[in-house]
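Data first, discussion second: the structure below is written as structure tokens.
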Amino acid sequence: MKPCRWFDPDRGHIRNDQSSIIHKQIITMEKKGLNLTLKIWRQENAQTKGEFKTYRIGNISPDCSFLEMLDQLNEQLVDKIEKPVCFDHDCREGICGMCSLFINGRPHGNDTGITTCQLHMRRFKDGDTIWIEPWRSAAFPVIKDLVVDRSAFDRIIRAGGYVSVNTGGVPDGNAIPVKKKNADLAMDAAACIGCGACVAACKNASAMLFVSAKVSQFALLPQGKLEAKERVSKMVARMDELGFGNCTNTGACEAECPKEIKITNIARMNRQYYISQFA
Amino acid sequence: MIQLDAKIPEGPVARKWTEYKAHQNLVNPANKRKLDIIIVGTGLAGAAAAASCGEMGFNVLNFCMQDSPRRAHSIAAQGGINAAKNYQNDGDSVYRLFYDTIKGGDFRAREANVYRLAEVSNNIIDQCVAQGVPFAREYGGLLDNRSFGGAQVSRTFYARGQTGQQLLLGAYSALSRQIEKGSVKMYTRREMLDVVIIDGKARGIIARNLVTGEIEKYAAHAVVIATGGYGNVFFLSTNAMGSNGSAAWQCYKRGAAFGNPCYVQIHPTCIPVHGDYQSKLTLMSESLRNDGRIWVPGKKEDAEAIRAGKLKPTQIGEEDRDYYLERRYPAFGNLSPRDISSRAAKERCDAGYGVGETGLAVYLDFASAIQRLGKSVIEARYGNLFQMYEKIVNENPYETPMMIYPAIHYSMGGIWVDYELQTTIPGLFAAGEANFSDHGANRLGASALMQGLADGYFVLPYTIQNYLAPEIKTPRFSTDLPEFNEAAKGVEEKINRLMNIKGKHSVDHFQKKLGRIMWEKVGMGRTGKSLTEAIEEIKAVRREFWQDVRITGSTGELNPELEKALRTADHLELGELMAMDALLREESCGGHFREEHQTPDGEALRHDDRFMYVSCWEYAGHDKEPVLHREPLNYEVIKVATRNYK
Amino acid sequence: MSNIFTSSIGKKFWMALVGLFLCVFLVLHMSINLLMLLPDRSYFDTGVYIMSTAPVKVMEIVLFGSIALHMLLGLLLQIQNWLARPVRYAKKHSSETSFFSKYMIWTGGIVFIFFCLHFMDFLFYKYGWFGFEPASIGIQDVVKLDPVTRAMEVDTPANHNFYDIARYVFSSKSYCLVYAGFMVLLSFHLIHAFQSAFQSIGWNHPAYTPIVKWVGYIYSVVIPAGFAIIPLYFFFGGK
């Protein structure tokens with residue numbers, strides 16, 4: 001019998017034999033811990049050159065999330081008076097879009113429809129080597145280690161990713177009916193969390209899926225239709241300025257999008273764009 | 001000594017806001033450009049306020065600690081947003097929403113504020129629809145509603161399970177438009193570390209640039225704090241990892257009263273804790289309770305067998321199950337309010353009927369709903385939530401019941417504000433979860449989004465003008481003033497002190513230790529004894545922290561350990577204040593449950609004669625007992641009653 | 001200024017439009033080729049004759065312009081794409097994506113090499129720029145040109161005899177295989193190109209796009225196969 005508790009500040013994250021204060025009963029851990037080799041990109045700051053460093057970590061529970069595994073690594077690094085690995089994360093429930101790791105050749109790791117924080121260690125085997133890299137794109141420069149600057153996405157939204165209404169003085173919410181099908185499609189597109197996995201996955205580092213999701217959302221709703229032409233041409237122009245690549249309809253973005261946004265949105269944006277140019 | 005003046009306008013409650021707006025001071029457009037407003041936070045309240053103030057013509061400086069304003073934790077709200085539209089023709093009205101909110105808050109909220117909230121709730125829906133928020137719709141093209149969190153009317157508007165995200169992105173897009181226009185200047189990856197007071201008025205902030213580590217000074221005519229709640233004092237909560245009470249705490253230490261710190265909400269439907277490495281708790285939308293039935297085994301030996309892995313929940317017959325919410329609260333059953341549902345789960349687990357590896361979980365069962373409605377209907381309603389659950393727990397909730405347990409979710413307490421959302425420091429405003437104002441001792445489901453947006457879009461942009469109107473002659477401040485330098489120096493000294501401790505334990509070690517004390521002794525069930533102990537223990541952890549914390553890396557770089565240390569340092573003080581407040585409040589109300597004060601059948605027992613007030617704490621100096629002020633709550637419209645959901 | 005000619009989407013638009021035009025041309029070209037296999041040569045000769053009429057000649061200019069534009073845009077887009085990711089990943093992408101789309105610049109490049117070869121073999125005869133022999137590009141076992149046949153070919157484009165050139169060019173069995181091999185790469189290029197062009201011009205529909213994809217797959221097999229029939233016909237001893 002090996003007792004365990006979920007919460008042990010005295011020993012950091014290392015499981016020990018003290019009985020739990022919170023849990024009244026002792027439970028047995030049957031699941032075997034994983035031993036892993038991590039190859040992590042370390043880079044001091046935007047100016048310096050980075051490199052991969054190798055770390056070994058043992059006894060990782062298959063039930064913990066990928067980021068919790070990195071937490072444990074960082075705890076060990078702090079114990080050894082080393083700098084912890086910097087990575088972006090916040091909500092840890094797959095909605096804020098902050099976490100952004102390129103794991104073993106896939107943004108957000110080897111699973112579909114999830115963010116890095118939702119990737120669980122049960123997707124890995126004992127003895128695995130895991131490569132962890134930051135998003136790579138000219139438009140997303142590395143800030144430190146695995147943290148990149150995604151403000152390019154904000155700049156694209158600023159170019160026109162909105163309906164130009166001020167607070168107050170708007171019609172009643174039910175004044176303009178919206179076809180349910182369109183509302184649903186708009187919601188599908190609006191589910192984008194702006195994590196940048198589409199750019200990271202694309203062989204051309206193209207931001208088309210991100211931009212098209214926003215363009216589509218508004219193009220599908222009567223509220224957004226009025227400005228549709230200006231919006232798409234401004235947003236595409238801004239996207240091009242920022243140094244993203246072009247779309248080759250490869251579909252990697254769609255395959256890796258944690259919210260499973262479809263490339264039909266890209267086709268819709270293309271359509272919108274031609275309309276804005278020709279009509 | 002602070003003066004508490006709620007500044008509630010005269011007149012009947014339904015006319016107060018209209019009267020206020022009719023007589024308030026306004027600033028003419030030419031002067032608005034000359035007035036600067038700092039808004040800290042880009043959640044629903046912060047982004048909405050920044051966008052609205054920018055639209056009005058003020059010069060806004062907006063700060064957030066993430067890489068983009070779109071990351072604020074408002075984004076994680078799943079269920080929906082309430083409004084008194086009565087689109088469903090089920091008898092809803094502004095008054096009913098107002099009444100439900102006061103009652104839900106266990107009669108510990110300020111009537112005038114709550115009425116205004118209910119009143120502007122309808123404008124929020126209109127505003128969001130106009131912004132292109134893709135709310136759920138019916139086939140006729142009109143907005144869909146659902147019933148949520150124990151309400152008897154369907155007044156909740158939603159966008160799948162991502163309502164918070166869609167509303168936040170709406171506010172973010174409005175904010176982005178203003179940033180492009182230049183009326184709002186956005187500062188990302190900045191964390192506010194102090195507020196600067198000049199001649200008794202809030203005039204700026206000190207922020208740390210999280211990328212370069214620089215300490216930066218920003219000046220403005222008014223400062224708005226919209227930095228959310230302090231649930232992470234408990235370490236494990238449904239809040240984002242970065243959510244913290246630091247900004248609010250700096251305001252408190254500069255003289256803003258802190259209101260009702262002991263009121264925190266515990267959400268009944270979260271995925272249970274499963275390992276010592278756990279970093280946060282994941283919330284499952286409360287909407288699951290619309291169709292799921294909550295139960296634990298009726299026999300202790302069954303519960304023990306389940307915990308030992310010898311028995312499966314599906315093997316337990318109907319007669320051996322205890323649907324304790326349906327049993328105890330027949331009228332509301334599985335839809336009982338959050339505090340009641342949470343406590344009932346804790347009561348069963350404490351009594352030894354809990355399930356799961358840890359014994360700290362109860363079942364949320366969809367078997368009967370699947371039988372009644374069919375799997376496809378359940379999948380359409382909750383498919384994404386079921387999928388999320390399966391990813392985390394590795395169990396299929398269509399086949400075996402989900403396991404849930406309560407977790408810290410929301411803080412009703414916060415910086416004390418008056419009717420104008422102004423704190424006790426002139427020129428310092430607080431909006432959204434950061435303030436204490438609208439939810440009393442317990443918040444109803446789908447009301448957090450409502451309050452954040454109400455404050456941000458419709459309240460603060462008005463009331464701040466009332467404050468700024470006399471300020472038009474005040475020229476822009478220089479950040480070289482001694483008050484700025486002194487504040488910046490204070491922050492630098494604090495950081496250097498922390499860095500130089502060079503102790504043995506990581507920051508998380510202390511935050512977890514604090515979290516454990518908070519959860520056990522200042523959590524769902526509090527007693528005079530547990531709270532007294534907690535205060536002493538927190539003091540001890542705080543002392544230890546300041547002697548033994550280890551922060552690696554340096555100050556002049558992106559250093560998450562330092563960020564966490566600064567927050568934990570504040571949480572170690574805030575936690576103590578929460579315990580002190582809970583100790584003083586010798587009653588049970590809403591999220592605050594004192595075990596000594598309960599009815600014979602285990603329900604919360606209020607003492608309206610002694611505690612019908614807002615506890616407002618004033619900082620008295622380092623290591624000095626804070627001073628308690630009381631803002632009495634006068635109910636003019638609503639008849640105070642015992643909350644009864646039976 | 002960003003517009004339909006300079007923006008990323010604009011460039012893709014022309015790329016797709018021109019690509020689809022080239023697809024139509026391939027159908028035409030292949031159909032006439034296959035006439036060669038009919039026992040009655042007059043059908044093929046009529047086809048060749050139509051190809052030499054004035055309107056078709058105008059279209060020919062458009063055709064070559066299209067090929068040039070398609071290549072130019074492809075190259076331009078590709079350079080931008082490379083620049084968009086200056087630091088590559090250490091671990092190769094393992095996302096599930098359409099395989100052929102990743103190699104368009106390479107399959108396109110190889111198809112271009114084939115075009116050069118193909119023009120030298122056939123097109124230059126048509127324009128009377130006759131001046132080399134297949135042997136000069138390194139294919140050794142080609143039988144020397146029959147002086148009689150050549151005399152027939154030169155100078156009179158309206159009467160040039162593609163059948164005989166083909167018979168001559170494909171008189172080398174390994175050269176037949178080279179041609180057929182290039183057709184495989186053309187197929188790879190087309191598999192992605194066809195459906196991608198529809199996506200680029202904004203034509204994506206949940207019900208019809210699967211049909212477009214299937215048509216695309218059929219097209220990208222049938223057309224190169226149709227072209228490959230001719231060299232294979234000679235390879236297997238056709239006269």
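Following the order of the structure tokens, chains are lettered A, B, ..., residues in each are numbered from 1, and ligands are numbered from 1.
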Check every residue of chain C for an atom within 7 Å of chain A, counting only C-alpha atoms, and provide those that qualify as an NGL selection string. :C and (2 or 4 or 7-9 or 77 or 80-82 or 84-89 or 91-98 or 101-102 or 196 or 199-204)
Would you put the residues from that selection into a file with C-alpha atoms, as a CSV table (one decimal), in the first residue's frame?
```csv
chain,number,residue,atom,x,y,z
C,2,SER,CA,-3.4,45.8,-51.1
C,4,ILE,CA,-6.8,41.8,-56.0
C,7,SER,CA,-2.7,40.7,-51.8
C,8,SER,CA,-2.1,37.1,-50.7
C,9,ILE,CA,-5.7,36.1,-51.5
C,77,LEU,CA,3.9,32.9,-53.1
C,80,GLN,CA,6.8,34.6,-49.2
C,81,ASN,CA,5.9,31.3,-47.5
C,82,TRP,CA,9.5,30.4,-46.9
C,84,ALA,CA,7.1,33.5,-43.1
C,85,ARG,CA,9.0,30.9,-41.1
C,86,PRO,CA,12.6,31.8,-40.9
C,87,VAL,CA,13.3,29.4,-38.1
C,88,ARG,CA,12.1,25.9,-38.9
C,89,TYR,CA,10.9,23.3,-36.4
C,91,LYS,CA,10.7,18.0,-35.1
C,92,LYS,CA,9.0,17.6,-38.4
C,93,HIS,CA,5.3,18.5,-38.7
C,94,SER,CA,3.2,15.5,-38.2
C,95,SER,CA,-0.2,17.0,-38.6
C,96,GLU,CA,-2.7,15.1,-40.7
C,97,THR,CA,-2.9,17.0,-43.9
C,98,SER,CA,-3.3,16.5,-47.6
C,101,SER,CA,-0.4,19.9,-51.1
C,102,LYS,CA,3.0,20.1,-49.3
C,196,SER,CA,-7.5,23.6,-54.2
C,199,GLN,CA,-11.2,26.5,-52.5
C,200,SER,CA,-9.1,29.4,-53.6
C,201,ILE,CA,-11.8,31.0,-55.7
C,202,GLY,CA,-14.1,30.6,-52.6
C,203,TRP,CA,-16.1,27.7,-53.8
C,204,ASN,CA,-16.5,25.4,-50.8
```
Residues of chain B that have any atom at most 6 Å from an atom of chain A: could you tabulate them with the shortest-distance atom pair and the distance in Å to one decimal, using only C-alpha atoms, ordered by chain and increasing number, as a tab-separated table?
```
residue	atom	partner	partner_atom	distance
B:Ser52	CA	A:Thr167	CA	6.0
B:Arg71	CA	A:Cys96	CA	4.9
B:Asp126	CA	A:Gly173	CA	4.3
B:Val129	CA	A:Gly173	CA	5.7
B:Ala130	CA	A:Gln223	CA	5.9
B:Gln131	CA	A:Val163	CA	5.3
B:Gly132	CA	A:Gln223	CA	5.8
B:Pro134	CA	A:Met187	CA	5.4
B:Arg137	CA	A:Lys180	CA	5.6
B:Tyr139	CA	A:Lys180	CA	5.4
B:Gly141	CA	A:Pro177	CA	4.4
B:Leu142	CA	A:Pro177	CA	5.3
B:Ser173	CA	A:Tyr162	CA	5.0
B:Ser176	CA	A:Arg158	CA	4.8
B:Arg177	CA	A:Arg158	CA	5.6
B:Glu180	CA	A:Arg158	CA	5.5
B:Ala240	CA	A:Cys91	CA	3.9
B:Met241	CA	A:Asp90	CA	4.9
B:Gly242	CA	A:Asp90	CA	5.7
B:Gly275	CA	A:Trp6	CA	4.4
B:Asp276	CA	A:Trp6	CA	3.2
B:Tyr277	CA	A:His13	CA	5.5
B:His509	CA	A:Pro9	CA	4.9
B:Lys512	CA	A:Pro9	CA	5.7
B:Lys513	CA	A:Pro9	CA	5.5
B:Thr552	CA	A:Lys83	CA	5.5
B:Gly553	CA	A:Lys83	CA	5.2
```
Report, in Å to a single decimal, how far apart CA of Phe234 (chain B) and CA of Met518 (chain B) are. 5.7 Å
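The residue set within 7 Å of region 187-189 of chain B, counting only C-alpha atoms and dropping same-chain residues fewer than 5 places from it, reads Asn62, Phe63, Cys64, Met65, Gln66, Asp67, Ser68, Asn209, Leu210 and Val211 of chain B.
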From a backbone DSSP assignment, name each residue in region 196-264 of chain A labelled helix (DSSP H, G or I), as a PyMOL selection string. chain A and resi 197-201+208-219+222-225+228-241+252-256+264
Write out as a VMD selection string which residues come within 9 Å of Cys176 (chain C) when counting only C-alpha atoms, dropping same-chain ones fewer than 6 positions away. chain C and resid 169 to 170 228 230 to 235
So that I can see what lies close to Asp320 (chain B), please list as a PyMOL selection string the residues with an atom at most 8 Å from it, counting only C-alpha atoms and leaving out residues fewer than 4 positions away in the same chain. chain B and resi 297-299+316
Residue set, region 221-418 of chain B restricted to strand (DSSP E), as a VMD selection string: chain B and resid 222 to 225 258 to 259 264 to 270 293 to 297 321 to 322 362 to 365 402 to 411 414 to 415
Export of prior selection with N, CA, C and O atoms as a tab-separated table (two decimals), in the first residue's frame:
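Dumped everything to selection_0.tsv:
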```tsv
chain	number	residue	atom	x	y	z
B	222	ALA	N	-8.11	59.39	-13.41
B	222	ALA	CA	-8.87	58.43	-12.62
B	222	ALA	C	-8.35	57.03	-12.92
B	222	ALA	O	-7.78	56.78	-13.99
B	223	VAL	N	-8.51	56.14	-11.98
B	223	VAL	CA	-8.03	54.77	-12.13
B	223	VAL	C	-9.19	53.81	-11.90
B	223	VAL	O	-9.95	53.97	-10.95
B	224	VAL	N	-9.33	52.85	-12.79
B	224	VAL	CA	-10.38	51.84	-12.63
B	224	VAL	C	-9.71	50.48	-12.44
B	224	VAL	O	-8.84	50.09	-13.23
B	225	ILE	N	-10.14	49.78	-11.42
B	225	ILE	CA	-9.62	48.44	-11.18
B	225	ILE	C	-10.68	47.44	-11.65
B	225	ILE	O	-11.80	47.45	-11.16
B	258	PHE	N	-12.07	47.24	1.93
B	258	PHE	CA	-12.30	45.94	1.30
B	258	PHE	C	-13.63	45.42	1.84
B	258	PHE	O	-13.81	45.29	3.05
B	259	GLY	N	-14.56	45.12	0.95
B	259	GLY	CA	-15.90	44.72	1.39
B	259	GLY	C	-16.08	43.21	1.43
B	259	GLY	O	-15.74	42.51	0.48
B	264	VAL	N	-16.97	33.98	-0.56
B	264	VAL	CA	-16.49	33.37	-1.80
B	264	VAL	C	-17.47	32.29	-2.21
B	264	VAL	O	-18.10	31.67	-1.36
B	265	GLN	N	-17.61	32.11	-3.49
B	265	GLN	CA	-18.58	31.11	-3.93
B	265	GLN	C	-17.89	29.81	-4.29
B	265	GLN	O	-16.82	29.79	-4.88
B	266	ILE	N	-18.55	28.75	-3.88
B	266	ILE	CA	-18.04	27.43	-4.18
B	266	ILE	C	-18.99	26.82	-5.19
B	266	ILE	O	-20.18	26.74	-4.97
B	267	HIS	N	-18.45	26.46	-6.33
B	267	HIS	CA	-19.28	25.96	-7.42
B	267	HIS	C	-19.47	24.45	-7.25
B	267	HIS	O	-18.50	23.73	-7.06
B	268	PRO	N	-20.70	23.99	-7.34
B	268	PRO	CA	-20.94	22.58	-7.02
B	268	PRO	C	-20.47	21.59	-8.07
B	268	PRO	O	-20.24	20.43	-7.74
B	269	THR	N	-20.35	22.00	-9.32
B	269	THR	CA	-20.07	20.98	-10.35
B	269	THR	C	-18.69	21.17	-10.97
B	269	THR	O	-18.58	21.71	-12.07
B	270	CYS	N	-17.68	20.72	-10.28
B	270	CYS	CA	-16.34	20.74	-10.84
B	270	CYS	C	-15.81	19.31	-10.89
B	270	CYS	O	-16.30	18.45	-10.17
B	293	ARG	N	-28.86	13.97	-12.56
B	293	ARG	CA	-29.35	13.80	-11.19
B	293	ARG	C	-28.15	13.50	-10.30
B	293	ARG	O	-27.29	12.68	-10.64
B	294	ILE	N	-28.12	14.17	-9.15
B	294	ILE	CA	-26.96	14.04	-8.27
B	294	ILE	C	-27.27	13.02	-7.18
B	294	ILE	O	-28.32	13.08	-6.56
B	295	TRP	N	-26.35	12.09	-6.99
B	295	TRP	CA	-26.57	11.09	-5.95
B	295	TRP	C	-25.26	10.58	-5.37
B	295	TRP	O	-24.19	10.73	-5.95
B	296	VAL	N	-25.38	9.93	-4.21
B	296	VAL	CA	-24.30	9.15	-3.62
B	296	VAL	C	-24.93	7.82	-3.19
B	296	VAL	O	-26.16	7.73	-3.09
B	297	PRO	N	-24.13	6.83	-2.93
B	297	PRO	CA	-24.72	5.57	-2.46
B	297	PRO	C	-25.46	5.80	-1.15
B	297	PRO	O	-25.03	6.57	-0.30
B	321	ARG	N	-29.65	4.20	-3.91
B	321	ARG	CA	-29.04	5.49	-4.22
B	321	ARG	C	-29.72	6.58	-3.40
B	321	ARG	O	-30.92	6.53	-3.16
B	322	ASP	N	-28.93	7.56	-3.00
B	322	ASP	CA	-29.48	8.67	-2.25
B	322	ASP	C	-29.39	9.93	-3.10
B	322	ASP	O	-28.33	10.52	-3.24
B	362	VAL	N	-19.17	13.25	-5.77
B	362	VAL	CA	-20.52	12.70	-5.83
B	362	VAL	C	-20.85	12.45	-7.30
B	362	VAL	O	-20.16	12.93	-8.19
B	363	TYR	N	-21.88	11.68	-7.54
B	363	TYR	CA	-22.23	11.35	-8.92
B	363	TYR	C	-23.22	12.35	-9.50
B	363	TYR	O	-24.12	12.83	-8.82
B	364	LEU	N	-23.01	12.61	-10.79
B	364	LEU	CA	-23.97	13.38	-11.56
B	364	LEU	C	-24.36	12.46	-12.71
B	364	LEU	O	-23.57	12.19	-13.60
B	365	ASP	N	-25.58	11.98	-12.64
B	365	ASP	CA	-25.97	10.84	-13.45
B	365	ASP	C	-26.93	11.25	-14.57
B	365	ASP	O	-27.95	11.89	-14.33
B	402	MET	N	-20.96	10.83	-14.17
B	402	MET	CA	-19.84	11.76	-13.94
B	402	MET	C	-19.59	11.88	-12.45
B	402	MET	O	-20.51	11.72	-11.65
B	403	MET	N	-18.34	12.23	-12.11
B	403	MET	CA	-18.07	12.55	-10.72
B	403	MET	C	-17.81	14.05	-10.61
B	403	MET	O	-17.10	14.62	-11.44
B	404	ILE	N	-18.42	14.64	-9.61
B	404	ILE	CA	-18.23	16.08	-9.43
B	404	ILE	C	-17.96	16.38	-7.96
B	404	ILE	O	-18.26	15.58	-7.08
B	405	TYR	N	-17.38	17.54	-7.73
B	405	TYR	CA	-17.17	18.01	-6.36
B	405	TYR	C	-17.08	19.53	-6.39
B	405	TYR	O	-16.67	20.10	-7.38
B	406	PRO	N	-17.48	20.18	-5.32
B	406	PRO	CA	-17.44	21.65	-5.32
B	406	PRO	C	-16.01	22.19	-5.35
B	406	PRO	O	-15.08	21.54	-4.88
B	407	ALA	N	-15.87	23.38	-5.90
B	407	ALA	CA	-14.57	24.06	-5.90
B	407	ALA	C	-14.79	25.57	-5.85
B	407	ALA	O	-15.83	26.07	-6.26
B	408	ILE	N	-13.77	26.25	-5.35
B	408	ILE	CA	-13.82	27.71	-5.27
B	408	ILE	C	-13.96	28.29	-6.67
B	408	ILE	O	-13.25	27.89	-7.59
B	409	HIS	N	-14.85	29.25	-6.82
B	409	HIS	CA	-15.22	29.65	-8.16
B	409	HIS	C	-15.25	31.17	-8.35
B	409	HIS	O	-14.82	31.69	-9.37
B	410	TYR	N	-15.76	31.87	-7.37
B	410	TYR	CA	-16.02	33.30	-7.58
B	410	TYR	C	-15.94	34.00	-6.24
B	410	TYR	O	-16.27	33.41	-5.20
B	411	SER	N	-15.49	35.23	-6.24
B	411	SER	CA	-15.47	35.97	-4.98
B	411	SER	C	-16.50	37.09	-5.03
B	411	SER	O	-16.38	38.01	-5.84
B	414	GLY	N	-14.98	41.99	-2.34
B	414	GLY	CA	-14.04	42.74	-3.18
B	414	GLY	C	-13.92	44.15	-2.66
B	414	GLY	O	-14.35	44.44	-1.53
B	415	ILE	N	-13.35	44.99	-3.49
B	415	ILE	CA	-13.16	46.37	-3.04
B	415	ILE	C	-14.54	47.01	-2.84
B	415	ILE	O	-15.43	46.89	-3.68
```
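Of note, CA of Leu360 (chain B) and CA of Glu603 (chain B) are spaced 21.0 Å apart.
Interatomic distance, CA of Lys49 (chain A) against CA of Thr116 (chain A): 24.9 Å.
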If we count only C-alpha atoms, what is near Met450 (chain B) at a cut-off of 12 Å, once residues fewer than 3 positions away on the same chain are taken out, given as a short mmCIF file (atom, residue, chain, number, x, y, z; two decimals) with C-alpha atoms, in the first residue's frame?
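New file result-v6.cif:
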```cif
data_model
loop_
_atom_site.label_atom_id
_atom_site.label_comp_id
_atom_site.auth_asym_id
_atom_site.auth_seq_id
_atom_site.Cartn_x
_atom_site.Cartn_y
_atom_site.Cartn_z
CA LEU B 44 -15.79 41.90 -19.35
CA ALA B 45 -15.79 44.90 -17.04
CA ALA B 48 -16.25 47.10 -21.85
CA SER B 74 -14.14 36.12 -18.22
CA ALA B 77 -17.61 31.45 -18.25
CA GLY B 79 -23.34 28.93 -18.95
CA GLY B 80 -24.86 32.23 -19.93
CA ILE B 81 -25.91 35.73 -19.07
CA ASN B 82 -29.13 36.76 -17.38
CA ALA B 83 -31.40 39.54 -18.56
CA ALA B 84 -34.94 40.48 -17.69
CA LEU B 97 -34.50 39.61 -11.62
CA THR B 101 -30.53 38.43 -7.19
CA VAL B 114 -28.87 45.41 -7.68
CA ARG B 116 -29.72 49.10 -11.47
CA LEU B 117 -28.04 45.87 -12.49
CA ALA B 118 -31.38 44.26 -13.33
CA GLU B 119 -32.44 47.41 -15.14
CA VAL B 120 -29.44 47.60 -17.47
CA SER B 121 -29.35 43.84 -18.02
CA ASN B 122 -31.61 44.24 -21.05
CA ASN B 123 -29.33 46.83 -22.64
CA ILE B 124 -26.46 44.37 -22.39
CA ILE B 125 -28.21 41.83 -24.57
CA CYS B 128 -23.95 42.33 -27.53
CA ARG B 155 -33.87 34.39 -18.69
CA THR B 156 -30.44 33.12 -19.53
CA PHE B 157 -29.02 34.01 -22.95
CA TYR B 158 -26.21 31.80 -24.13
CA THR B 163 -21.03 32.49 -23.48
CA GLY B 164 -18.24 34.16 -21.54
CA LEU B 167 -19.23 38.22 -24.68
CA LEU B 168 -15.60 38.88 -23.95
CA ALA B 431 -15.78 47.21 -11.58
CA GLY B 432 -16.81 43.62 -12.16
CA GLU B 433 -15.78 40.81 -9.84
CA ASP B 438 -24.07 43.23 -6.45
CA HIS B 439 -24.10 39.63 -5.37
CA ARG B 443 -24.02 34.90 -6.70
CA LEU B 444 -26.67 33.37 -8.93
CA GLY B 445 -25.64 31.45 -12.01
CA ALA B 446 -25.23 33.58 -15.17
CA SER B 447 -25.07 36.79 -13.16
CA LEU B 453 -20.80 44.03 -18.59
CA ALA B 454 -23.32 46.20 -16.72
CA ASP B 455 -20.48 47.88 -14.83
CA GLY B 456 -18.31 48.19 -17.90
CA TYR B 457 -20.76 49.32 -20.56
CA PHE B 458 -23.52 51.07 -18.73
CA VAL B 459 -22.56 52.16 -15.24
#
```
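When the distance limit is 10 Å and only C-alpha atoms are what count, the residues near Phe194 (chain C), minus those fewer than 4 positions from it on the same chain, are Ala16, Gly19, Leu20, Cys23, His189, Leu190, Phe198, Gln199, Val212, Lys213, Trp214, Val215, Gly216, Tyr217, Tyr219 and Ser220 of chain C.
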